[in-house]
$ cat protein14.txt   # compact mmCIF, N, CA and C atoms and all ligand atoms
# COMPACT_ATOMS: atom_id res chain seq x y z
N MET M 1 0.84 -1.19 0.00
CA MET M 1 0.00 0.00 0.00
C MET M 1 0.88 1.25 0.00
N ARG M 2 0.60 2.14 -0.92
CA ARG M 2 1.38 3.35 -1.02
C ARG M 2 0.51 4.56 -0.71
N LEU M 3 1.10 5.48 0.02
CA LEU M 3 0.42 6.74 0.27
C LEU M 3 1.22 7.83 -0.43
N SER M 4 0.56 8.67 -1.18
CA SER M 4 1.29 9.74 -1.84
C SER M 4 1.74 10.76 -0.81
N PRO M 5 2.98 11.18 -0.89
CA PRO M 5 3.50 12.11 0.13
C PRO M 5 2.77 13.45 0.07
N GLY M 6 2.64 14.07 1.21
CA GLY M 6 2.03 15.38 1.24
C GLY M 6 0.53 15.34 1.45
N GLN M 7 -0.09 14.20 1.25
CA GLN M 7 -1.53 14.12 1.41
C GLN M 7 -1.93 13.71 2.81
N SER M 8 -1.10 12.86 3.42
CA SER M 8 -1.51 12.26 4.69
C SER M 8 -1.61 13.29 5.81
N GLY M 9 -0.81 14.37 5.73
CA GLY M 9 -0.82 15.34 6.80
C GLY M 9 -1.85 16.46 6.61
N THR M 10 -2.63 16.40 5.55
CA THR M 10 -3.55 17.47 5.26
C THR M 10 -4.84 17.29 6.05
N THR M 11 -5.22 18.29 6.78
CA THR M 11 -6.48 18.21 7.52
C THR M 11 -7.62 18.71 6.66
N SER M 12 -8.84 18.46 7.11
CA SER M 12 -9.98 18.93 6.34
C SER M 12 -10.04 20.45 6.34
N GLY M 13 -9.51 21.08 7.40
CA GLY M 13 -9.47 22.54 7.44
C GLY M 13 -8.55 23.09 6.37
N ASP M 14 -7.39 22.45 6.20
CA ASP M 14 -6.45 22.84 5.15
C ASP M 14 -7.10 22.70 3.78
N ARG M 15 -7.82 21.60 3.61
CA ARG M 15 -8.44 21.33 2.32
C ARG M 15 -9.45 22.42 1.98
N LEU M 16 -10.22 22.83 2.98
CA LEU M 16 -11.22 23.86 2.77
C LEU M 16 -10.56 25.19 2.40
N LEU M 17 -9.45 25.46 3.07
CA LEU M 17 -8.72 26.70 2.82
C LEU M 17 -8.17 26.73 1.40
N LEU M 18 -7.58 25.59 0.98
CA LEU M 18 -7.04 25.50 -0.37
C LEU M 18 -8.14 25.64 -1.41
N LEU M 19 -9.28 25.03 -1.10
CA LEU M 19 -10.41 25.10 -2.02
C LEU M 19 -10.89 26.53 -2.18
N ARG M 20 -10.99 27.24 -1.05
CA ARG M 20 -11.44 28.64 -1.10
C ARG M 20 -10.46 29.49 -1.89
N ARG M 21 -9.15 29.22 -1.71
CA ARG M 21 -8.14 29.99 -2.43
C ARG M 21 -8.26 29.74 -3.93
N ASP M 22 -8.42 28.46 -4.30
CA ASP M 22 -8.55 28.11 -5.71
C ASP M 22 -9.79 28.76 -6.31
N ARG M 23 -10.89 28.74 -5.53
CA ARG M 23 -12.14 29.29 -6.05
C ARG M 23 -12.00 30.80 -6.26
N ALA M 24 -11.32 31.46 -5.30
CA ALA M 24 -11.14 32.91 -5.41
C ALA M 24 -10.31 33.27 -6.64
N ALA M 25 -9.43 32.36 -7.05
CA ALA M 25 -8.56 32.62 -8.20
C ALA M 25 -9.21 32.23 -9.52
N ALA M 26 -10.36 31.58 -9.46
CA ALA M 26 -11.01 31.11 -10.68
C ALA M 26 -11.64 32.28 -11.43
N PRO M 27 -11.73 32.18 -12.75
CA PRO M 27 -12.37 33.27 -13.51
C PRO M 27 -13.88 33.29 -13.25
N ALA M 28 -14.50 34.41 -13.57
CA ALA M 28 -15.95 34.51 -13.42
C ALA M 28 -16.63 33.68 -14.50
N MET M 29 -17.83 33.24 -14.19
CA MET M 29 -18.62 32.46 -15.15
C MET M 29 -18.75 33.21 -16.48
N ARG M 30 -19.00 34.52 -16.41
CA ARG M 30 -19.27 35.27 -17.64
C ARG M 30 -18.02 35.37 -18.51
N ALA M 31 -16.84 35.25 -17.90
CA ALA M 31 -15.61 35.29 -18.68
C ALA M 31 -15.36 33.94 -19.36
N LEU M 32 -15.65 32.89 -18.62
CA LEU M 32 -15.37 31.53 -19.13
C LEU M 32 -16.48 31.04 -20.06
N PHE M 33 -17.71 31.27 -19.66
CA PHE M 33 -18.88 30.81 -20.43
C PHE M 33 -19.82 31.99 -20.70
N PRO M 34 -19.47 32.86 -21.66
CA PRO M 34 -20.27 34.07 -21.88
C PRO M 34 -21.72 33.78 -22.29
N SER M 35 -21.97 32.61 -22.86
CA SER M 35 -23.32 32.33 -23.37
C SER M 35 -24.25 31.76 -22.29
N ILE M 36 -23.70 31.47 -21.13
CA ILE M 36 -24.50 30.80 -20.10
C ILE M 36 -25.10 31.83 -19.13
N ALA M 37 -26.41 31.82 -19.02
CA ALA M 37 -27.10 32.73 -18.10
C ALA M 37 -27.17 32.15 -16.69
N GLN M 38 -27.27 30.83 -16.64
CA GLN M 38 -27.33 30.18 -15.33
C GLN M 38 -26.92 28.72 -15.46
N LEU M 39 -26.15 28.29 -14.49
CA LEU M 39 -25.72 26.90 -14.46
C LEU M 39 -26.17 26.31 -13.13
N ARG M 40 -26.85 25.19 -13.22
CA ARG M 40 -27.39 24.59 -12.02
C ARG M 40 -26.75 23.21 -11.82
N LEU M 41 -26.15 23.01 -10.66
CA LEU M 41 -25.51 21.73 -10.36
C LEU M 41 -26.28 21.06 -9.24
N GLU M 42 -26.86 19.92 -9.53
CA GLU M 42 -27.55 19.16 -8.48
C GLU M 42 -26.69 17.95 -8.14
N LEU M 43 -26.34 17.86 -6.88
CA LEU M 43 -25.46 16.78 -6.43
C LEU M 43 -26.23 15.90 -5.45
N ARG M 44 -26.33 14.64 -5.79
CA ARG M 44 -27.01 13.70 -4.91
C ARG M 44 -26.04 12.57 -4.57
N PHE M 45 -25.97 12.23 -3.32
CA PHE M 45 -24.98 11.25 -2.89
C PHE M 45 -25.64 9.90 -2.63
N GLU M 46 -24.90 8.85 -3.02
CA GLU M 46 -25.42 7.50 -2.85
C GLU M 46 -24.29 6.63 -2.32
N GLY M 47 -24.64 5.70 -1.45
CA GLY M 47 -23.61 4.82 -0.94
C GLY M 47 -24.21 3.79 -0.01
N THR M 48 -23.35 3.02 0.59
CA THR M 48 -23.81 1.93 1.45
C THR M 48 -23.81 2.32 2.92
N ALA M 49 -23.16 3.46 3.26
CA ALA M 49 -23.10 3.89 4.65
C ALA M 49 -24.47 4.33 5.14
N ALA M 50 -24.63 4.34 6.45
CA ALA M 50 -25.92 4.70 7.02
C ALA M 50 -26.18 6.20 6.91
N ASN M 51 -25.11 6.99 7.03
CA ASN M 51 -25.28 8.44 7.01
C ASN M 51 -24.86 9.03 5.67
N ILE M 52 -25.75 8.94 4.70
CA ILE M 52 -25.49 9.50 3.38
C ILE M 52 -25.65 11.02 3.45
N PRO M 53 -24.68 11.77 2.93
CA PRO M 53 -24.78 13.24 2.99
C PRO M 53 -26.03 13.76 2.27
N VAL M 54 -26.51 14.90 2.72
CA VAL M 54 -27.71 15.48 2.12
C VAL M 54 -27.39 16.00 0.72
N PRO M 55 -28.39 16.03 -0.15
CA PRO M 55 -28.16 16.55 -1.51
C PRO M 55 -27.80 18.04 -1.49
N GLN M 56 -27.09 18.47 -2.51
CA GLN M 56 -26.72 19.88 -2.63
C GLN M 56 -27.15 20.41 -3.99
N THR M 57 -27.58 21.66 -4.01
CA THR M 57 -27.86 22.33 -5.28
C THR M 57 -27.05 23.61 -5.32
N HIS M 58 -26.29 23.78 -6.38
CA HIS M 58 -25.50 25.01 -6.55
C HIS M 58 -25.98 25.70 -7.81
N ILE M 59 -26.34 26.96 -7.69
CA ILE M 59 -26.77 27.72 -8.86
C ILE M 59 -25.74 28.82 -9.12
N LEU M 60 -25.14 28.78 -10.31
CA LEU M 60 -24.08 29.72 -10.64
C LEU M 60 -24.56 30.72 -11.68
N HIS M 61 -24.51 31.99 -11.33
CA HIS M 61 -24.87 33.08 -12.22
C HIS M 61 -23.60 33.61 -12.87
N PRO M 62 -23.75 34.49 -13.88
CA PRO M 62 -22.55 34.97 -14.60
C PRO M 62 -21.49 35.61 -13.71
N ALA M 63 -21.89 36.20 -12.58
CA ALA M 63 -20.89 36.84 -11.72
C ALA M 63 -20.17 35.85 -10.80
N ALA M 64 -20.69 34.63 -10.72
CA ALA M 64 -20.09 33.64 -9.81
C ALA M 64 -18.76 33.15 -10.36
N ARG M 65 -17.95 32.60 -9.49
CA ARG M 65 -16.68 32.02 -9.91
C ARG M 65 -16.94 30.70 -10.62
N ALA M 66 -16.26 30.51 -11.74
CA ALA M 66 -16.40 29.26 -12.49
C ALA M 66 -15.49 28.21 -11.87
N TYR M 67 -15.95 27.65 -10.78
CA TYR M 67 -15.14 26.68 -10.05
C TYR M 67 -16.02 25.49 -9.70
N PHE M 68 -15.59 24.31 -10.11
CA PHE M 68 -16.48 23.16 -10.03
C PHE M 68 -15.88 21.99 -9.28
N VAL M 69 -15.10 22.31 -8.27
CA VAL M 69 -14.53 21.25 -7.44
C VAL M 69 -15.25 21.26 -6.09
N PHE M 70 -15.72 20.11 -5.68
CA PHE M 70 -16.44 20.03 -4.41
C PHE M 70 -15.78 18.99 -3.52
N LEU M 71 -15.56 19.36 -2.28
CA LEU M 71 -14.97 18.41 -1.35
C LEU M 71 -15.98 17.33 -1.04
N CYS M 72 -15.49 16.13 -0.78
CA CYS M 72 -16.36 15.06 -0.32
C CYS M 72 -17.03 15.54 0.97
N PRO M 73 -18.35 15.39 1.10
CA PRO M 73 -19.05 15.93 2.28
C PRO M 73 -18.64 15.27 3.59
N TYR M 74 -18.03 14.10 3.54
CA TYR M 74 -17.57 13.47 4.78
C TYR M 74 -16.35 14.22 5.30
N ALA M 75 -16.46 14.72 6.54
CA ALA M 75 -15.39 15.55 7.10
C ALA M 75 -14.09 14.77 7.26
N ASP M 76 -14.17 13.46 7.43
CA ASP M 76 -12.96 12.66 7.65
C ASP M 76 -12.42 12.06 6.35
N CYS M 77 -12.93 12.54 5.22
CA CYS M 77 -12.48 12.01 3.92
C CYS M 77 -11.63 13.07 3.23
N ASN M 78 -10.58 12.64 2.54
CA ASN M 78 -9.71 13.60 1.84
C ASN M 78 -10.04 13.67 0.35
N GLY M 79 -11.18 13.15 -0.04
CA GLY M 79 -11.53 13.11 -1.45
C GLY M 79 -12.23 14.37 -1.92
N ARG M 80 -12.30 14.51 -3.22
CA ARG M 80 -13.00 15.63 -3.82
C ARG M 80 -13.60 15.20 -5.15
N PHE M 81 -14.63 15.91 -5.55
CA PHE M 81 -15.28 15.65 -6.84
C PHE M 81 -14.98 16.82 -7.76
N ASP M 82 -14.36 16.55 -8.89
CA ASP M 82 -14.01 17.59 -9.83
C ASP M 82 -14.92 17.50 -11.05
N LEU M 83 -15.82 18.48 -11.16
CA LEU M 83 -16.77 18.48 -12.26
C LEU M 83 -16.36 19.41 -13.39
N ALA M 84 -15.15 19.99 -13.30
CA ALA M 84 -14.75 21.02 -14.26
C ALA M 84 -14.76 20.49 -15.70
N ALA M 85 -14.17 19.32 -15.93
CA ALA M 85 -14.10 18.79 -17.29
C ALA M 85 -15.49 18.47 -17.82
N ILE M 86 -16.37 18.02 -16.93
CA ILE M 86 -17.73 17.66 -17.33
C ILE M 86 -18.50 18.92 -17.72
N VAL M 87 -18.36 19.97 -16.90
CA VAL M 87 -19.04 21.24 -17.19
C VAL M 87 -18.51 21.83 -18.51
N ASN M 88 -17.19 21.82 -18.66
CA ASN M 88 -16.58 22.34 -19.89
C ASN M 88 -17.12 21.64 -21.12
N ALA M 89 -17.15 20.32 -21.05
CA ALA M 89 -17.61 19.53 -22.20
C ALA M 89 -19.08 19.81 -22.48
N ALA M 90 -19.88 19.93 -21.42
CA ALA M 90 -21.31 20.17 -21.61
C ALA M 90 -21.55 21.52 -22.29
N VAL M 91 -20.80 22.54 -21.87
CA VAL M 91 -20.99 23.87 -22.46
C VAL M 91 -20.49 23.88 -23.90
N GLU M 92 -19.34 23.23 -24.14
CA GLU M 92 -18.79 23.20 -25.50
C GLU M 92 -19.72 22.48 -26.47
N ASP M 93 -20.34 21.42 -26.00
CA ASP M 93 -21.23 20.65 -26.85
C ASP M 93 -22.65 21.21 -26.87
N SER M 94 -22.85 22.35 -26.20
CA SER M 94 -24.16 23.00 -26.15
C SER M 94 -25.25 22.08 -25.58
N LEU M 95 -24.87 21.28 -24.63
CA LEU M 95 -25.84 20.40 -23.98
C LEU M 95 -26.51 21.18 -22.86
N SER M 96 -27.83 21.13 -22.80
CA SER M 96 -28.52 21.87 -21.74
C SER M 96 -28.65 21.03 -20.48
N ARG M 97 -28.45 19.72 -20.61
CA ARG M 97 -28.57 18.88 -19.42
C ARG M 97 -27.61 17.69 -19.53
N VAL M 98 -26.82 17.49 -18.48
CA VAL M 98 -25.87 16.38 -18.44
C VAL M 98 -26.01 15.72 -17.09
N GLU M 99 -26.02 14.41 -17.07
CA GLU M 99 -25.99 13.76 -15.77
C GLU M 99 -25.07 12.57 -15.80
N GLY M 100 -24.61 12.18 -14.63
CA GLY M 100 -23.67 11.07 -14.58
C GLY M 100 -23.30 10.75 -13.14
N LEU M 101 -22.29 9.92 -13.03
CA LEU M 101 -21.90 9.42 -11.72
C LEU M 101 -20.40 9.57 -11.52
N LEU M 102 -20.00 10.03 -10.36
CA LEU M 102 -18.60 10.06 -9.98
C LEU M 102 -18.46 9.29 -8.67
N VAL M 103 -17.31 8.68 -8.48
CA VAL M 103 -17.06 7.95 -7.24
C VAL M 103 -15.91 8.62 -6.51
N CYS M 104 -16.09 8.87 -5.22
CA CYS M 104 -15.03 9.50 -4.43
C CYS M 104 -13.83 8.57 -4.34
N GLY M 105 -12.65 9.10 -4.66
CA GLY M 105 -11.44 8.31 -4.59
C GLY M 105 -10.66 8.56 -3.31
N GLY M 106 -11.29 9.24 -2.36
CA GLY M 106 -10.61 9.60 -1.13
C GLY M 106 -10.56 8.47 -0.12
N THR M 107 -9.83 8.73 0.95
CA THR M 107 -9.68 7.76 2.03
C THR M 107 -10.27 8.37 3.30
N ARG M 108 -11.02 7.57 4.02
CA ARG M 108 -11.58 8.05 5.28
C ARG M 108 -10.77 7.47 6.43
N VAL M 109 -10.48 8.32 7.40
CA VAL M 109 -9.69 7.91 8.54
C VAL M 109 -10.64 7.46 9.65
N GLY M 110 -10.49 6.24 10.06
CA GLY M 110 -11.34 5.71 11.12
C GLY M 110 -10.85 6.12 12.50
N GLY M 111 -11.52 5.65 13.52
CA GLY M 111 -11.21 6.05 14.88
C GLY M 111 -9.82 5.64 15.34
N HIS M 112 -9.33 4.50 14.90
CA HIS M 112 -8.04 4.01 15.37
C HIS M 112 -7.03 4.03 14.24
N ALA M 113 -6.97 5.16 13.55
CA ALA M 113 -6.03 5.35 12.45
C ALA M 113 -6.19 4.30 11.36
N SER M 114 -7.32 3.67 11.32
CA SER M 114 -7.58 2.72 10.24
C SER M 114 -8.10 3.52 9.05
N ARG M 115 -7.58 3.20 7.89
CA ARG M 115 -8.00 3.94 6.70
C ARG M 115 -8.81 3.03 5.81
N ARG M 116 -9.86 3.59 5.26
CA ARG M 116 -10.62 2.82 4.29
C ARG M 116 -11.06 3.74 3.17
N LEU M 117 -11.21 3.15 2.01
CA LEU M 117 -11.60 3.95 0.85
C LEU M 117 -13.03 4.42 1.02
N CYS M 118 -13.29 5.63 0.57
CA CYS M 118 -14.60 6.24 0.76
C CYS M 118 -15.65 5.66 -0.20
N HIS M 119 -15.35 5.76 -1.51
CA HIS M 119 -16.25 5.21 -2.53
C HIS M 119 -17.67 5.77 -2.48
N LEU M 120 -17.83 6.96 -1.94
CA LEU M 120 -19.14 7.60 -1.97
C LEU M 120 -19.49 7.94 -3.42
N HIS M 121 -20.71 7.62 -3.82
CA HIS M 121 -21.15 7.90 -5.18
C HIS M 121 -21.80 9.28 -5.25
N LEU M 122 -21.41 10.03 -6.26
CA LEU M 122 -22.05 11.32 -6.50
C LEU M 122 -22.81 11.22 -7.82
N HIS M 123 -24.10 11.40 -7.73
CA HIS M 123 -24.93 11.45 -8.94
C HIS M 123 -25.18 12.92 -9.23
N TYR M 124 -24.67 13.40 -10.37
CA TYR M 124 -24.81 14.83 -10.66
C TYR M 124 -25.73 15.07 -11.84
N VAL M 125 -26.44 16.18 -11.76
CA VAL M 125 -27.24 16.66 -12.88
C VAL M 125 -26.86 18.12 -13.10
N ILE M 126 -26.36 18.43 -14.28
CA ILE M 126 -25.94 19.79 -14.61
C ILE M 126 -26.89 20.34 -15.67
N THR M 127 -27.56 21.42 -15.33
CA THR M 127 -28.47 22.05 -16.30
C THR M 127 -27.98 23.45 -16.58
N SER M 128 -27.90 23.80 -17.83
CA SER M 128 -27.45 25.15 -18.19
C SER M 128 -28.56 25.89 -18.93
N THR M 129 -28.69 27.15 -18.61
CA THR M 129 -29.64 28.01 -19.30
C THR M 129 -28.84 29.01 -20.09
N ARG M 130 -29.09 29.09 -21.37
CA ARG M 130 -28.33 29.99 -22.23
C ARG M 130 -28.97 31.36 -22.31
N ASP M 131 -28.12 32.33 -22.44
CA ASP M 131 -28.58 33.71 -22.59
C ASP M 131 -28.93 33.92 -24.07
N LEU M 132 -30.20 34.03 -24.35
CA LEU M 132 -30.64 34.11 -25.74
C LEU M 132 -30.71 35.56 -26.24
N ALA M 133 -30.45 36.49 -25.37
CA ALA M 133 -30.49 37.89 -25.79
C ALA M 133 -29.37 38.18 -26.79
N PRO M 134 -29.58 39.03 -27.76
CA PRO M 134 -28.57 39.33 -28.78
C PRO M 134 -27.38 40.07 -28.19
ZN ZN R 1 -15.13 10.69 0.18
$ encode --input "protein14.txt" --output "structure tokens"
Amino acid sequence: MRLSPGQSGTTSGDRLLLLRRDRAAAPAMRALFPSIAQLRLELRFEGTAANIPVPQTHILHPAARAYFVFLCPYADCNGRFDLAAIVNAAVEDSLSRVEGLLVCGGTRVGGHASRRLCHLHLHYVITSTRDLAP
């Protein structure tokens, strides 16, 4: 079993901080996707654990940051879901609705330093509304 260096010492607080920094540095939606009036991301989680995280809905307007990385909702997991490539492809292909499944590749730390793979399933639905004004 190999652990990539630099990951094991990262706390969830650090991860949140890094995420916020990355999001702050991301371009605005209107700069990246000028034709999109609104982007709606519906995230639903599925898995075998008893405590499945609650669904999330993110609505991004043109002034919002075009940032599509979401941390795994489990506080003890170091995984993240990156929807950037999916959103990019959907906008490029002019698809108004895309859905699919991602699996968390993170590791959850148990009570006695036992590590197990998270494998939380994320079912996403991305809907885009185009700005039809000339
Ligand atoms: Zn996870």
$ residues_near_ligand --input "protein14.txt" --ligand "ligand ZN 1 (chain R)" --cutoff "7 Å" --atoms "only N, CA and C atoms and all ligand atoms" --output "list of chain:residue names"
M:Leu71, M:Cys72, M:Pro73, M:Tyr74, M:Asp76, M:Cys77, M:Asn78, M:Gly79, M:Arg80, M:Cys104, M:Gly105, M:Gly106, M:Thr107, M:Arg108, M:Leu117, M:Cys118, M:His119, M:Leu120
$ select_by_dssp --input "protein14.txt" --residues "region 4-120 of chain M" --states "strand (DSSP E or B)" --output "mmCIF file with N, CA and C atoms, in the frame of the given file"
data_model
loop_
_atom_site.group_PDB
_atom_site.id
_atom_site.type_symbol
_atom_site.label_atom_id
_atom_site.label_comp_id
_atom_site.auth_asym_id
_atom_site.auth_seq_id
_atom_site.Cartn_x
_atom_site.Cartn_y
_atom_site.Cartn_z
ATOM 1 N N ALA M 28 -14.500 34.410 -13.570
ATOM 2 C CA ALA M 28 -15.950 34.510 -13.420
ATOM 3 C C ALA M 28 -16.630 33.680 -14.500
ATOM 4 N N ILE M 36 -23.700 31.470 -21.130
ATOM 5 C CA ILE M 36 -24.500 30.800 -20.100
ATOM 6 C C ILE M 36 -25.100 31.830 -19.130
ATOM 7 N N ALA M 37 -26.410 31.820 -19.020
ATOM 8 C CA ALA M 37 -27.100 32.730 -18.100
ATOM 9 C C ALA M 37 -27.170 32.150 -16.690
ATOM 10 N N GLN M 38 -27.270 30.830 -16.640
ATOM 11 C CA GLN M 38 -27.330 30.180 -15.330
ATOM 12 C C GLN M 38 -26.920 28.720 -15.460
ATOM 13 N N LEU M 39 -26.150 28.290 -14.490
ATOM 14 C CA LEU M 39 -25.720 26.900 -14.460
ATOM 15 C C LEU M 39 -26.170 26.310 -13.130
ATOM 16 N N ARG M 40 -26.850 25.190 -13.220
ATOM 17 C CA ARG M 40 -27.390 24.590 -12.020
ATOM 18 C C ARG M 40 -26.750 23.210 -11.820
ATOM 19 N N LEU M 41 -26.150 23.010 -10.660
ATOM 20 C CA LEU M 41 -25.510 21.730 -10.360
ATOM 21 C C LEU M 41 -26.280 21.060 -9.240
ATOM 22 N N GLU M 42 -26.860 19.920 -9.530
ATOM 23 C CA GLU M 42 -27.550 19.160 -8.480
ATOM 24 C C GLU M 42 -26.690 17.950 -8.140
ATOM 25 N N LEU M 43 -26.340 17.860 -6.880
ATOM 26 C CA LEU M 43 -25.460 16.780 -6.430
ATOM 27 C C LEU M 43 -26.230 15.900 -5.450
ATOM 28 N N ARG M 44 -26.330 14.640 -5.790
ATOM 29 C CA ARG M 44 -27.010 13.700 -4.910
ATOM 30 C C ARG M 44 -26.040 12.570 -4.570
ATOM 31 N N PHE M 45 -25.970 12.230 -3.320
ATOM 32 C CA PHE M 45 -24.980 11.250 -2.890
ATOM 33 C C PHE M 45 -25.640 9.900 -2.630
ATOM 34 N N GLU M 46 -24.900 8.850 -3.020
ATOM 35 C CA GLU M 46 -25.420 7.500 -2.850
ATOM 36 C C GLU M 46 -24.290 6.630 -2.320
ATOM 37 N N GLN M 56 -27.090 18.470 -2.510
ATOM 38 C CA GLN M 56 -26.720 19.880 -2.630
ATOM 39 C C GLN M 56 -27.150 20.410 -3.990
ATOM 40 N N THR M 57 -27.580 21.660 -4.010
ATOM 41 C CA THR M 57 -27.860 22.330 -5.280
ATOM 42 C C THR M 57 -27.050 23.610 -5.320
ATOM 43 N N HIS M 58 -26.290 23.780 -6.380
ATOM 44 C CA HIS M 58 -25.500 25.010 -6.550
ATOM 45 C C HIS M 58 -25.980 25.700 -7.810
ATOM 46 N N ILE M 59 -26.340 26.960 -7.690
ATOM 47 C CA ILE M 59 -26.770 27.720 -8.860
ATOM 48 C C ILE M 59 -25.740 28.820 -9.120
ATOM 49 N N LEU M 60 -25.140 28.780 -10.310
ATOM 50 C CA LEU M 60 -24.080 29.720 -10.640
ATOM 51 C C LEU M 60 -24.560 30.720 -11.680
ATOM 52 N N ARG M 65 -17.950 32.600 -9.490
ATOM 53 C CA ARG M 65 -16.680 32.020 -9.910
ATOM 54 C C ARG M 65 -16.940 30.700 -10.620
ATOM 55 N N VAL M 69 -15.100 22.310 -8.270
ATOM 56 C CA VAL M 69 -14.530 21.250 -7.440
ATOM 57 C C VAL M 69 -15.250 21.260 -6.090
ATOM 58 N N PHE M 70 -15.720 20.110 -5.680
ATOM 59 C CA PHE M 70 -16.440 20.030 -4.410
ATOM 60 C C PHE M 70 -15.780 18.990 -3.520
ATOM 61 N N LEU M 71 -15.560 19.360 -2.280
ATOM 62 C CA LEU M 71 -14.970 18.410 -1.350
ATOM 63 C C LEU M 71 -15.980 17.330 -1.040
ATOM 64 N N CYS M 77 -12.930 12.540 5.220
ATOM 65 C CA CYS M 77 -12.480 12.010 3.920
ATOM 66 C C CYS M 77 -11.630 13.070 3.230
ATOM 67 N N ARG M 80 -12.300 14.510 -3.220
ATOM 68 C CA ARG M 80 -13.000 15.630 -3.820
ATOM 69 C C ARG M 80 -13.600 15.200 -5.150
ATOM 70 N N PHE M 81 -14.630 15.910 -5.550
ATOM 71 C CA PHE M 81 -15.280 15.650 -6.840
ATOM 72 C C PHE M 81 -14.980 16.820 -7.760
ATOM 73 N N ASP M 82 -14.360 16.550 -8.890
ATOM 74 C CA ASP M 82 -14.010 17.590 -9.830
ATOM 75 C C ASP M 82 -14.920 17.500 -11.050
ATOM 76 N N ARG M 97 -28.450 19.720 -20.610
ATOM 77 C CA ARG M 97 -28.570 18.880 -19.420
ATOM 78 C C ARG M 97 -27.610 17.690 -19.530
ATOM 79 N N VAL M 98 -26.820 17.490 -18.480
ATOM 80 C CA VAL M 98 -25.870 16.380 -18.440
ATOM 81 C C VAL M 98 -26.010 15.720 -17.090
ATOM 82 N N GLU M 99 -26.020 14.410 -17.070
ATOM 83 C CA GLU M 99 -25.990 13.760 -15.770
ATOM 84 C C GLU M 99 -25.070 12.570 -15.800
ATOM 85 N N GLY M 100 -24.610 12.180 -14.630
ATOM 86 C CA GLY M 100 -23.670 11.070 -14.580
ATOM 87 C C GLY M 100 -23.300 10.750 -13.140
ATOM 88 N N LEU M 101 -22.290 9.920 -13.030
ATOM 89 C CA LEU M 101 -21.900 9.420 -11.720
ATOM 90 C C LEU M 101 -20.400 9.570 -11.520
ATOM 91 N N LEU M 102 -20.000 10.030 -10.360
ATOM 92 C CA LEU M 102 -18.600 10.060 -9.980
ATOM 93 C C LEU M 102 -18.460 9.290 -8.670
ATOM 94 N N VAL M 103 -17.310 8.680 -8.480
ATOM 95 C CA VAL M 103 -17.060 7.950 -7.240
ATOM 96 C C VAL M 103 -15.910 8.620 -6.510
ATOM 97 N N THR M 107 -9.830 8.730 0.950
ATOM 98 C CA THR M 107 -9.680 7.760 2.030
ATOM 99 C C THR M 107 -10.270 8.370 3.300
ATOM 100 N N ARG M 108 -11.020 7.570 4.020
ATOM 101 C CA ARG M 108 -11.580 8.050 5.280
ATOM 102 C C ARG M 108 -10.770 7.470 6.430
ATOM 103 N N VAL M 109 -10.480 8.320 7.400
ATOM 104 C CA VAL M 109 -9.690 7.910 8.540
ATOM 105 C C VAL M 109 -10.640 7.460 9.650
ATOM 106 N N ARG M 115 -7.580 3.200 7.890
ATOM 107 C CA ARG M 115 -8.000 3.940 6.700
ATOM 108 C C ARG M 115 -8.810 3.030 5.810
ATOM 109 N N ARG M 116 -9.860 3.590 5.260
ATOM 110 C CA ARG M 116 -10.620 2.820 4.290
ATOM 111 C C ARG M 116 -11.060 3.740 3.170
ATOM 112 N N LEU M 117 -11.210 3.150 2.010
ATOM 113 C CA LEU M 117 -11.600 3.950 0.850
ATOM 114 C C LEU M 117 -13.030 4.420 1.020
#
$ residues_near_point --input "protein14.txt" --point "(-13.1, 14.7, -10.0)" --cutoff "8 Å" --atoms "only C-alpha atoms" --output "list in words"
Val69, Arg80, Phe81, Asp82, Leu83, Ala84, Leu102 and Cys104 of chain M
$ atom_distance --input "protein14.txt" --atom1 "CA of Pro53 (chain M)" --atom2 "CA of Gln38 (chain M)"
25.1 Å
$ axis_aligned_box --input "protein14.txt" --around "region 34-53 of chain M" --padding-each-side "6 Å" --output "lines of an AutoDock Vina configuration file"
center_x = -23.5
center_y = 18.0
center_z = -8.2
size_x = 20.1
size_y = 44.1
size_z = 42.4
$ residues_around --input "protein14.txt" --residues "Val125 (chain M)" --least-positions-apart "2" --cutoff "8 Å" --atoms "only N, CA and C atoms" --output "short mmCIF file (atom, residue, chain, number, x, y, z; two decimals) with N, CA and C atoms, keeping the file's coordinate frame"
data_model
loop_
_atom_site.label_atom_id
_atom_site.label_comp_id
_atom_site.auth_asym_id
_atom_site.auth_seq_id
_atom_site.Cartn_x
_atom_site.Cartn_y
_atom_site.Cartn_z
N ARG M 40 -26.85 25.19 -13.22
CA ARG M 40 -27.39 24.59 -12.02
C ARG M 40 -26.75 23.21 -11.82
N LEU M 41 -26.15 23.01 -10.66
CA LEU M 41 -25.51 21.73 -10.36
C LEU M 41 -26.28 21.06 -9.24
N GLU M 42 -26.86 19.92 -9.53
CA GLU M 42 -27.55 19.16 -8.48
C GLU M 42 -26.69 17.95 -8.14
N LEU M 43 -26.34 17.86 -6.88
CA LEU M 43 -25.46 16.78 -6.43
C LEU M 43 -26.23 15.90 -5.45
N ARG M 44 -26.33 14.64 -5.79
CA ARG M 44 -27.01 13.70 -4.91
C ARG M 44 -26.04 12.57 -4.57
N ARG M 97 -28.45 19.72 -20.61
CA ARG M 97 -28.57 18.88 -19.42
C ARG M 97 -27.61 17.69 -19.53
N VAL M 98 -26.82 17.49 -18.48
CA VAL M 98 -25.87 16.38 -18.44
C VAL M 98 -26.01 15.72 -17.09
N GLU M 99 -26.02 14.41 -17.07
CA GLU M 99 -25.99 13.76 -15.77
C GLU M 99 -25.07 12.57 -15.80
N GLY M 100 -24.61 12.18 -14.63
CA GLY M 100 -23.67 11.07 -14.58
C GLY M 100 -23.30 10.75 -13.14
N LEU M 101 -22.29 9.92 -13.03
CA LEU M 101 -21.90 9.42 -11.72
C LEU M 101 -20.40 9.57 -11.52
N LEU M 122 -21.41 10.03 -6.26
CA LEU M 122 -22.05 11.32 -6.50
C LEU M 122 -22.81 11.22 -7.82
N HIS M 123 -24.10 11.40 -7.73
CA HIS M 123 -24.93 11.45 -8.94
C HIS M 123 -25.18 12.92 -9.23
N THR M 127 -27.56 21.42 -15.33
CA THR M 127 -28.47 22.05 -16.30
C THR M 127 -27.98 23.45 -16.58
N SER M 128 -27.90 23.80 -17.83
CA SER M 128 -27.45 25.15 -18.19
C SER M 128 -28.56 25.89 -18.93
#
